[in-house]
Amino acid sequence: MAYRLSELAGLTGSKLVGDDCLIAAIAEISSAGAGDITFISNAKYAEHLADTHASALIIKAELLADCSVSALVTDDPRLVYAKVANLLYPPVNVVPGISVDAVVSESAYIDETASVAAGAVIATGVRIGAGTQIGAGCVIEDNAIIGANTRINSNVTVGYSCEIGHDCIIHSGVVLGADGFGFVKDGDAFLKIPQIGSVQIGDNVEIGANTTIDRGALENTVIGDGVKLDNQIQIAHGVTIGANTVISSATAIAGSTHIGSGCLIGGLVGIVEHLNITDNVVITGRTMVTRSITQSGSYSSSTPMDTTENWRKNSARFRRLDELARRVAKLEKNK
Amino acid sequence: MAYRLSELAGLTGSKLVGDDCLIAAIAEISSAGAGDITFISNAKYAEHLADTHASALIIKAELLADCSVSALVTDDPRLVYAKVANLLYPPVNVVPGISVDAVVSESAYIDETASVAAGAVIATGVRIGAGTQIGAGCVIEDNAIIGANTRINSNVTVGYSCEIGHDCIIHSGVVLGADGFGFVKDGDAFLKIPQIGSVQIGDNVEIGANTTIDRGALENTVIGDGVKLDNQIQIAHGVTIGANTVISSATAIAGSTHIGSGCLIGGLVGIVEHLNITDNVVITGRTMVTRSITQSGSYSSSTPMDTTENWRKNSARFRRLDELARRVAKLEKNK
Amino acid sequence: MAYRLSELAGLTGSKLVGDDCLIAAIAEISSAGAGDITFISNAKYAEHLADTHASALIIKAELLADCSVSALVTDDPRLVYAKVANLLYPPVNVVPGISVDAVVSESAYIDETASVAAGAVIATGVRIGAGTQIGAGCVIEDNAIIGANTRINSNVTVGYSCEIGHDCIIHSGVVLGADGFGFVKDGDAFLKIPQIGSVQIGDNVEIGANTTIDRGALENTVIGDGVKLDNQIQIAHGVTIGANTVISSATAIAGSTHIGSGCLIGGLVGIVEHLNITDNVVITGRTMVTRSITQSGSYSSSTPMDTTENWRKNSARFRRLDELARRVAKLEKNK
């Protein structure tokens, strides 16, 4: 899909400086050629401004002087780049309809503009909204409800009675609505606590490959509008996540923890159960969160990488850190 | 499914205090209404005792004085709650039989009381016991054996020759019996070591969504009776886990490590290869286990969360901790 | 498949010492019996040399004096063991052909010596090479290309336009080519950045169960020849990994990071975005990598396990480590 640069300026709220031209693709500044547009958000790439072969650049006004080609000028080149990319690379329009190789319950309601791919299984009582795509190999269990214009990629499992909103993207291998991990000791063994809640996903949510979100024990697990979850994240039963919170890969959140809106949570973070994290909290990668966070701000744990040789020495001292502190206190007292 | 409160008392070994009534559901104490039962395990919720709208409470005798409604009295409210929940919310009875949209090898044996859902593939030589359910989209590879009354949810993969016991629950996306990760250096490249062991899962085991358990290199990987595994756990080749051990999400256990029975292992724990962990060990979340544990007790590692600003300062010092300790020793010597 | 010991010597480049015999299986030294071969790489198992019931051992020359049975003598017993195992346990030959229960697009090209199992879905424009096996329940999306003699196990998802080389093994539950995690802030919400790159997997690559590799944002995500990835690894968009690098389970690598060849990366490692890791780097388990590594060598972070009681005391001191260091400096100044 190609656009004239002037059209892109209008559609993205940026300003065209230079000649109009036809733009067909996005490329990295180093490999861009005729018909390509690229962007510079970082002054350190400014050296490429003079010798790029791109047809156009997305830049801040301050770089215009060095720019040898046409430009879309904006205060936020990365945002305009994303808007341009969404225009040049729209989601593929799948042909509506149900594959003859899908298995669809007679009691399921599937909007006539939705599509269901081969090998998908749609169980009883399921409802699927307009323009929604169900990928190959997906299993949509009993009474699940999926809104409009949502894309469920291949081999996804949506558990019974789970609800997904509009304009979501659920990537392959995701499992929504498995039982929460709840047991109570009964002698030496453990008795399962039935997990009778569900999972509710808002609108404009994206969920990465192989991420798992468990159903609630009593109350539902709730993912707010605009939440973005990366791959291989684990969300336990009864967790709630506020609107527009973003979580990177391989993070695990334990049961009944409540996370506010507008949070940025890094990868490999662990958050224990029954905590409250307020709005607009940043948690850096690999942090272990063991207490509630009541003030917005940035939080961290973990220790810095070193050569294994140095790390061994320092790490061994960690095991006697309390003793070391006592020795320092004694020195201070005796000095 | 509704019960009279007196019936629930009898079936759960608790004592009815107050009027009998009909109980149809479980709810949180704050949202419970007529026909609901709820429980209080924690004295901090006792404030709700007087004004709950639930029809009945599950409580310890010491809270009876403040209780305004009927009660099931017990020393372990959480256990009685779980028993009540299992009565009120029994697993759904799937209709026995093989879906016409499943693919089942002629050489597979499937008990006539078992069920196989649409889109499942059952390979040659597989044996499936009485009352067992195979979910939609599952692949049960050659010669796998699954016991009675086990529930395999959607999109599970059971590798060839793996064995699963009775009364297990295997959640969606689980992969049992992928090859263990075994290679030997051969020049610059690595030669694969064939993984000729299998995976053996005991009875009453629950395995969470997207957890992976690899087949053994030579000896089998063995999961004991009553083990409960949360989501996204990785169990490597040749690991053995003793009865009734419980492991939280996103923990990874490396090859040939042996874990005892009755252990409680937190989330995001890492356990390196060839270790022995004795019985009744507690390992807190995010711990890195690099040596065997021969005494039962509780073990931990990781560092505490702080504001990123404070953490940066402290973390930087960690890289010179050995030097700091030497400086303290020198001060002590010179004082 | 059985071999004469003399044949195994010839085929593995080792030296037969003792009588020839028929070898049918591999076993652990403690359980080996007649017809079995076993290996000793570690002198600590030498005690078993005299009383093994194995028919043959794979050992170094220095242990020959204590060996009571036939031997294959080599400087690298583990490598010879792997070669023997590959001979005794060759991959099962699947019958070529497309299952009548697979769904294959008319526009897909599938070599006549390849096999496609029941329940697999092969989309438009896919190309599958000679001798390659596609497992049950796999989804191979539009225009994906898979080379020769590659084995894709059950329930794998290969995203559109991804490419996989020859002689690879992709384990169950793997997702290749989900969208990278790229968003740009647009007011309070986040706008998705289309992920227009692909995933390119080299030859002789093995990818463990439930591992995810995202497609690139602009440039492809590239996995080099001979790379071995364990289970539940997350590789983000635009990552490149050099030849013969080996990565253990549950490691997560963030976007646009470049990793050299011949690296050994442990389990549960985190590597942040936009880093460069040079060749032949060892990163021990659970390390958090937050800066580029320009020198080969071994790198670590994390803290050592302790009893929870001791750990609590030491860990509390970590939060005041900077203060402690300042106090020591003050003592030094005042002494």
# chains A, B, ... in the order shown; residues from 1 in each chain; ligands from 1
>>> interface_residues(of="chain A", to="chain B", cutoff="7 Å", atoms="only C-alpha atoms", output="ChimeraX atom specification")
/A:119,121,137,139,157,173,175,178,181,184,186,189,192-194,212,218,252,287-289,298-304,313-314,317,324,328
>>> write_last_selection(atoms="N, CA and C atoms", output="mmCIF file, in the first residue's frame")
data_model
loop_
_atom_site.group_PDB
_atom_site.id
_atom_site.type_symbol
_atom_site.label_atom_id
_atom_site.label_comp_id
_atom_site.auth_asym_id
_atom_site.auth_seq_id
_atom_site.Cartn_x
_atom_site.Cartn_y
_atom_site.Cartn_z
ATOM 1 N N GLY A 119 -9.155 -26.023 11.469
ATOM 2 C CA GLY A 119 -8.628 -26.653 12.670
ATOM 3 C C GLY A 119 -9.051 -25.977 13.955
ATOM 4 N N VAL A 121 -11.640 -24.974 16.930
ATOM 5 C CA VAL A 121 -12.785 -25.629 17.548
ATOM 6 C C VAL A 121 -13.540 -24.583 18.367
ATOM 7 N N GLY A 137 -6.306 -23.827 14.557
ATOM 8 C CA GLY A 137 -5.930 -24.598 15.737
ATOM 9 C C GLY A 137 -6.374 -24.003 17.061
ATOM 10 N N VAL A 139 -8.756 -23.186 20.237
ATOM 11 C CA VAL A 139 -9.890 -23.790 20.930
ATOM 12 C C VAL A 139 -10.579 -22.691 21.739
ATOM 13 N N THR A 157 -5.788 -20.902 23.262
ATOM 14 C CA THR A 157 -6.868 -21.517 24.032
ATOM 15 C C THR A 157 -7.588 -20.448 24.848
ATOM 16 N N GLY A 173 -0.424 -19.524 21.100
ATOM 17 C CA GLY A 173 0.005 -20.248 22.295
ATOM 18 C C GLY A 173 -0.495 -19.671 23.603
ATOM 19 N N VAL A 175 -2.845 -19.029 26.688
ATOM 20 C CA VAL A 175 -3.881 -19.787 27.383
ATOM 21 C C VAL A 175 -4.589 -18.846 28.364
ATOM 22 N N ALA A 178 -7.134 -20.979 32.329
ATOM 23 C CA ALA A 178 -6.804 -22.214 33.052
ATOM 24 C C ALA A 178 -7.115 -21.976 34.530
ATOM 25 N N PHE A 181 -4.117 -21.440 40.728
ATOM 26 C CA PHE A 181 -3.330 -22.420 41.486
ATOM 27 C C PHE A 181 -3.728 -22.308 42.951
ATOM 28 N N VAL A 184 -5.517 -26.420 49.361
ATOM 29 C CA VAL A 184 -5.424 -26.301 50.815
ATOM 30 C C VAL A 184 -4.951 -27.643 51.351
ATOM 31 N N ASP A 186 -4.530 -30.915 53.266
ATOM 32 C CA ASP A 186 -5.497 -31.862 53.809
ATOM 33 C C ASP A 186 -4.702 -33.103 54.204
ATOM 34 N N ALA A 189 -1.572 -34.392 51.868
ATOM 35 C CA ALA A 189 -1.881 -34.053 50.483
ATOM 36 C C ALA A 189 -2.538 -32.672 50.395
ATOM 37 N N LYS A 192 -7.771 -29.540 46.026
ATOM 38 C CA LYS A 192 -7.961 -28.456 45.067
ATOM 39 C C LYS A 192 -9.117 -27.559 45.490
ATOM 40 N N ILE A 193 -8.924 -26.263 45.391
ATOM 41 C CA ILE A 193 -10.012 -25.300 45.575
ATOM 42 C C ILE A 193 -10.579 -24.982 44.190
ATOM 43 N N PRO A 194 -11.849 -25.311 43.958
ATOM 44 C CA PRO A 194 -12.418 -25.029 42.623
ATOM 45 C C PRO A 194 -12.243 -23.553 42.265
ATOM 46 N N THR A 212 0.078 -16.763 29.872
ATOM 47 C CA THR A 212 -1.030 -17.474 30.514
ATOM 48 C C THR A 212 -1.720 -16.558 31.519
ATOM 49 N N LEU A 218 -12.587 -16.888 43.079
ATOM 50 C CA LEU A 218 -13.969 -16.455 43.301
ATOM 51 C C LEU A 218 -14.278 -15.250 42.430
ATOM 52 N N ALA A 252 6.088 -12.690 36.170
ATOM 53 C CA ALA A 252 5.065 -13.519 36.810
ATOM 54 C C ALA A 252 4.418 -12.735 37.951
ATOM 55 N N THR A 287 13.164 -7.234 38.837
ATOM 56 C CA THR A 287 12.853 -6.868 40.225
ATOM 57 C C THR A 287 11.932 -7.906 40.865
ATOM 58 N N MET A 288 12.144 -8.145 42.150
ATOM 59 C CA MET A 288 11.264 -9.013 42.934
ATOM 60 C C MET A 288 10.463 -8.103 43.862
ATOM 61 N N VAL A 289 9.167 -8.061 43.652
ATOM 62 C CA VAL A 289 8.300 -7.157 44.419
ATOM 63 C C VAL A 289 7.620 -7.949 45.527
ATOM 64 N N SER A 298 9.885 4.835 40.411
ATOM 65 C CA SER A 298 10.592 3.703 39.813
ATOM 66 C C SER A 298 11.219 2.837 40.905
ATOM 67 N N TYR A 299 11.060 1.524 40.743
ATOM 68 C CA TYR A 299 11.504 0.566 41.759
ATOM 69 C C TYR A 299 12.347 -0.528 41.118
ATOM 70 N N SER A 300 13.304 -1.054 41.904
ATOM 71 C CA SER A 300 14.249 -2.035 41.360
ATOM 72 C C SER A 300 14.722 -2.998 42.435
ATOM 73 N N SER A 301 15.220 -4.131 42.004
ATOM 74 C CA SER A 301 16.092 -4.935 42.862
ATOM 75 C C SER A 301 17.099 -5.612 41.943
ATOM 76 N N SER A 302 17.632 -6.746 42.323
ATOM 77 C CA SER A 302 18.666 -7.488 41.580
ATOM 78 C C SER A 302 20.049 -6.894 41.823
ATOM 79 N N THR A 303 21.054 -7.578 41.351
ATOM 80 C CA THR A 303 22.440 -7.142 41.553
ATOM 81 C C THR A 303 23.140 -7.072 40.215
ATOM 82 N N PRO A 304 24.190 -6.264 40.125
ATOM 83 C CA PRO A 304 24.816 -6.011 38.819
ATOM 84 C C PRO A 304 25.687 -7.170 38.351
ATOM 85 N N LYS A 313 33.661 -13.575 44.502
ATOM 86 C CA LYS A 313 34.206 -12.958 45.726
ATOM 87 C C LYS A 313 33.162 -12.086 46.417
ATOM 88 N N ASN A 314 32.508 -11.243 45.636
ATOM 89 C CA ASN A 314 31.537 -10.316 46.229
ATOM 90 C C ASN A 314 30.313 -11.066 46.763
ATOM 91 N N ARG A 317 30.762 -12.626 50.072
ATOM 92 C CA ARG A 317 30.669 -11.636 51.157
ATOM 93 C C ARG A 317 29.216 -11.323 51.511
ATOM 94 N N LEU A 324 29.288 -8.189 58.724
ATOM 95 C CA LEU A 324 30.161 -7.065 58.341
ATOM 96 C C LEU A 324 29.620 -5.757 58.902
ATOM 97 N N VAL A 328 31.411 -3.137 61.513
ATOM 98 C CA VAL A 328 31.594 -1.691 61.266
ATOM 99 C C VAL A 328 31.014 -0.894 62.438
#
>>> select_by_dssp(residues="segment 78-296 of chain B", states="alpha helix (DSSP H)", output="ChimeraX atom specification")
/B:78-88
>>> write_last_selection(atoms="N, CA and C atoms", output="PDB file, in the first residue's frame")
ATOM      1  N   ARG B  78     -10.424 -22.851  56.009  1.00  0.00           N
ATOM      2  CA  ARG B  78     -10.009 -22.902  54.612  1.00  0.00           C
ATOM      3  C   ARG B  78     -10.215 -24.299  54.016  1.00  0.00           C
ATOM      4  N   LEU B  79      -9.945 -25.307  54.799  1.00  0.00           N
ATOM      5  CA  LEU B  79     -10.135 -26.681  54.320  1.00  0.00           C
ATOM      6  C   LEU B  79     -11.627 -26.980  54.148  1.00  0.00           C
ATOM      7  N   VAL B  80     -12.438 -26.565  55.125  1.00  0.00           N
ATOM      8  CA  VAL B  80     -13.880 -26.803  54.989  1.00  0.00           C
ATOM      9  C   VAL B  80     -14.438 -26.018  53.795  1.00  0.00           C
ATOM     10  N   TYR B  81     -13.934 -24.807  53.624  1.00  0.00           N
ATOM     11  CA  TYR B  81     -14.333 -24.020  52.440  1.00  0.00           C
ATOM     12  C   TYR B  81     -14.019 -24.778  51.144  1.00  0.00           C
ATOM     13  N   ALA B  82     -12.827 -25.356  51.061  1.00  0.00           N
ATOM     14  CA  ALA B  82     -12.453 -26.093  49.842  1.00  0.00           C
ATOM     15  C   ALA B  82     -13.366 -27.303  49.646  1.00  0.00           C
ATOM     16  N   LYS B  83     -13.695 -27.984  50.742  1.00  0.00           N
ATOM     17  CA  LYS B  83     -14.591 -29.144  50.633  1.00  0.00           C
ATOM     18  C   LYS B  83     -15.987 -28.718  50.169  1.00  0.00           C
ATOM     19  N   VAL B  84     -16.477 -27.624  50.745  1.00  0.00           N
ATOM     20  CA  VAL B  84     -17.786 -27.108  50.336  1.00  0.00           C
ATOM     21  C   VAL B  84     -17.758 -26.711  48.852  1.00  0.00           C
ATOM     22  N   ALA B  85     -16.689 -26.046  48.459  1.00  0.00           N
ATOM     23  CA  ALA B  85     -16.584 -25.602  47.065  1.00  0.00           C
ATOM     24  C   ALA B  85     -16.587 -26.790  46.109  1.00  0.00           C
ATOM     25  N   ASN B  86     -15.897 -27.865  46.502  1.00  0.00           N
ATOM     26  CA  ASN B  86     -15.889 -29.054  45.639  1.00  0.00           C
ATOM     27  C   ASN B  86     -17.271 -29.695  45.528  1.00  0.00           C
ATOM     28  N   LEU B  87     -18.092 -29.543  46.593  1.00  0.00           N
ATOM     29  CA  LEU B  87     -19.461 -30.071  46.526  1.00  0.00           C
ATOM     30  C   LEU B  87     -20.356 -29.178  45.668  1.00  0.00           C
ATOM     31  N   LEU B  88     -20.237 -27.870  45.871  1.00  0.00           N
ATOM     32  CA  LEU B  88     -21.108 -26.934  45.141  1.00  0.00           C
ATOM     33  C   LEU B  88     -20.713 -26.796  43.673  1.00  0.00           C
TER      34      LEU B  88
END
>>> closest_residue(among="A:Thr251, A:Gly13, A:Arg291, A:Ile271", to="Gln234 of chain C", atoms="only C-alpha atoms")
A:Thr251
>>> residues_around(residues="Arg4 of chain B", least_positions_apart="5", cutoff="12 Å", atoms="only C-alpha atoms", output="list in words")
Ala9, Gly10, Leu11, Leu16, Asp19, Asp20, Cys21, Leu22, Ile23, Ala24, Ala25, Gly35, Asp36, Ile37, Ser55, Ala56, Ser70, Leu72, Val84, Leu87 and Leu88 of chain B
>>> write_last_selection(atoms="N, CA and C atoms", output="short mmCIF file (atom, residue, chain, number, x, y, z; two decimals), in the first residue's frame")
data_model
loop_
_atom_site.label_atom_id
_atom_site.label_comp_id
_atom_site.auth_asym_id
_atom_site.auth_seq_id
_atom_site.Cartn_x
_atom_site.Cartn_y
_atom_site.Cartn_z
N ALA B 9 -22.41 -29.63 56.58
CA ALA B 9 -21.72 -29.90 57.85
C ALA B 9 -21.32 -31.36 57.92
N GLY B 10 -22.26 -32.22 57.60
CA GLY B 10 -21.97 -33.66 57.66
C GLY B 10 -20.91 -34.09 56.67
N LEU B 11 -20.96 -33.54 55.47
CA LEU B 11 -20.05 -33.97 54.41
C LEU B 11 -18.65 -33.39 54.58
N LEU B 16 -22.63 -27.54 62.52
CA LEU B 16 -23.60 -26.49 62.21
C LEU B 16 -24.04 -25.80 63.49
N ASP B 19 -29.53 -21.84 62.39
CA ASP B 19 -30.59 -22.46 61.61
C ASP B 19 -30.05 -23.13 60.35
N ASP B 20 -30.72 -24.17 59.94
CA ASP B 20 -30.39 -24.81 58.67
C ASP B 20 -30.90 -23.91 57.54
N CYS B 21 -30.31 -24.02 56.37
CA CYS B 21 -30.77 -23.22 55.23
C CYS B 21 -30.21 -23.85 53.95
N LEU B 22 -30.65 -23.33 52.80
CA LEU B 22 -30.20 -23.86 51.52
C LEU B 22 -29.00 -23.03 51.03
N ILE B 23 -27.95 -23.70 50.65
CA ILE B 23 -26.73 -23.02 50.18
C ILE B 23 -26.52 -23.40 48.72
N ALA B 24 -26.39 -22.38 47.85
CA ALA B 24 -26.27 -22.64 46.41
C ALA B 24 -24.95 -22.18 45.82
N ALA B 25 -24.22 -21.33 46.57
CA ALA B 25 -23.03 -20.74 45.96
C ALA B 25 -22.06 -20.28 47.03
N GLY B 35 -28.40 -17.30 50.17
CA GLY B 35 -28.05 -18.55 49.51
C GLY B 35 -26.56 -18.76 49.37
N ASP B 36 -25.78 -17.75 49.76
CA ASP B 36 -24.31 -17.86 49.64
C ASP B 36 -23.69 -18.28 50.97
N ILE B 37 -22.60 -18.98 50.87
CA ILE B 37 -21.77 -19.26 52.04
C ILE B 37 -20.40 -18.62 51.80
N SER B 55 -25.78 -16.21 53.75
CA SER B 55 -26.68 -17.06 54.54
C SER B 55 -25.91 -17.84 55.60
N ALA B 56 -24.63 -18.08 55.36
CA ALA B 56 -23.85 -18.85 56.33
C ALA B 56 -22.37 -18.52 56.21
N SER B 70 -26.03 -18.19 60.36
CA SER B 70 -25.66 -19.59 60.59
C SER B 70 -24.19 -19.80 60.30
N LEU B 72 -20.82 -22.82 59.89
CA LEU B 72 -20.15 -24.12 59.99
C LEU B 72 -18.88 -23.87 60.78
N VAL B 84 -16.48 -27.62 50.75
CA VAL B 84 -17.79 -27.11 50.34
C VAL B 84 -17.76 -26.71 48.85
N LEU B 87 -18.09 -29.54 46.59
CA LEU B 87 -19.46 -30.07 46.53
C LEU B 87 -20.36 -29.18 45.67
N LEU B 88 -20.24 -27.87 45.87
CA LEU B 88 -21.11 -26.93 45.14
C LEU B 88 -20.71 -26.80 43.67
#
>>> atom_distance(atom1="atom CA of Gln195 of chain A", atom2="atom CA of Thr211 of chain B")
18.7 Å
>>> atom_distance(atom1="atom CA of Ala50 of chain B", atom2="atom CA of Ser68 of chain B")
5.4 Å
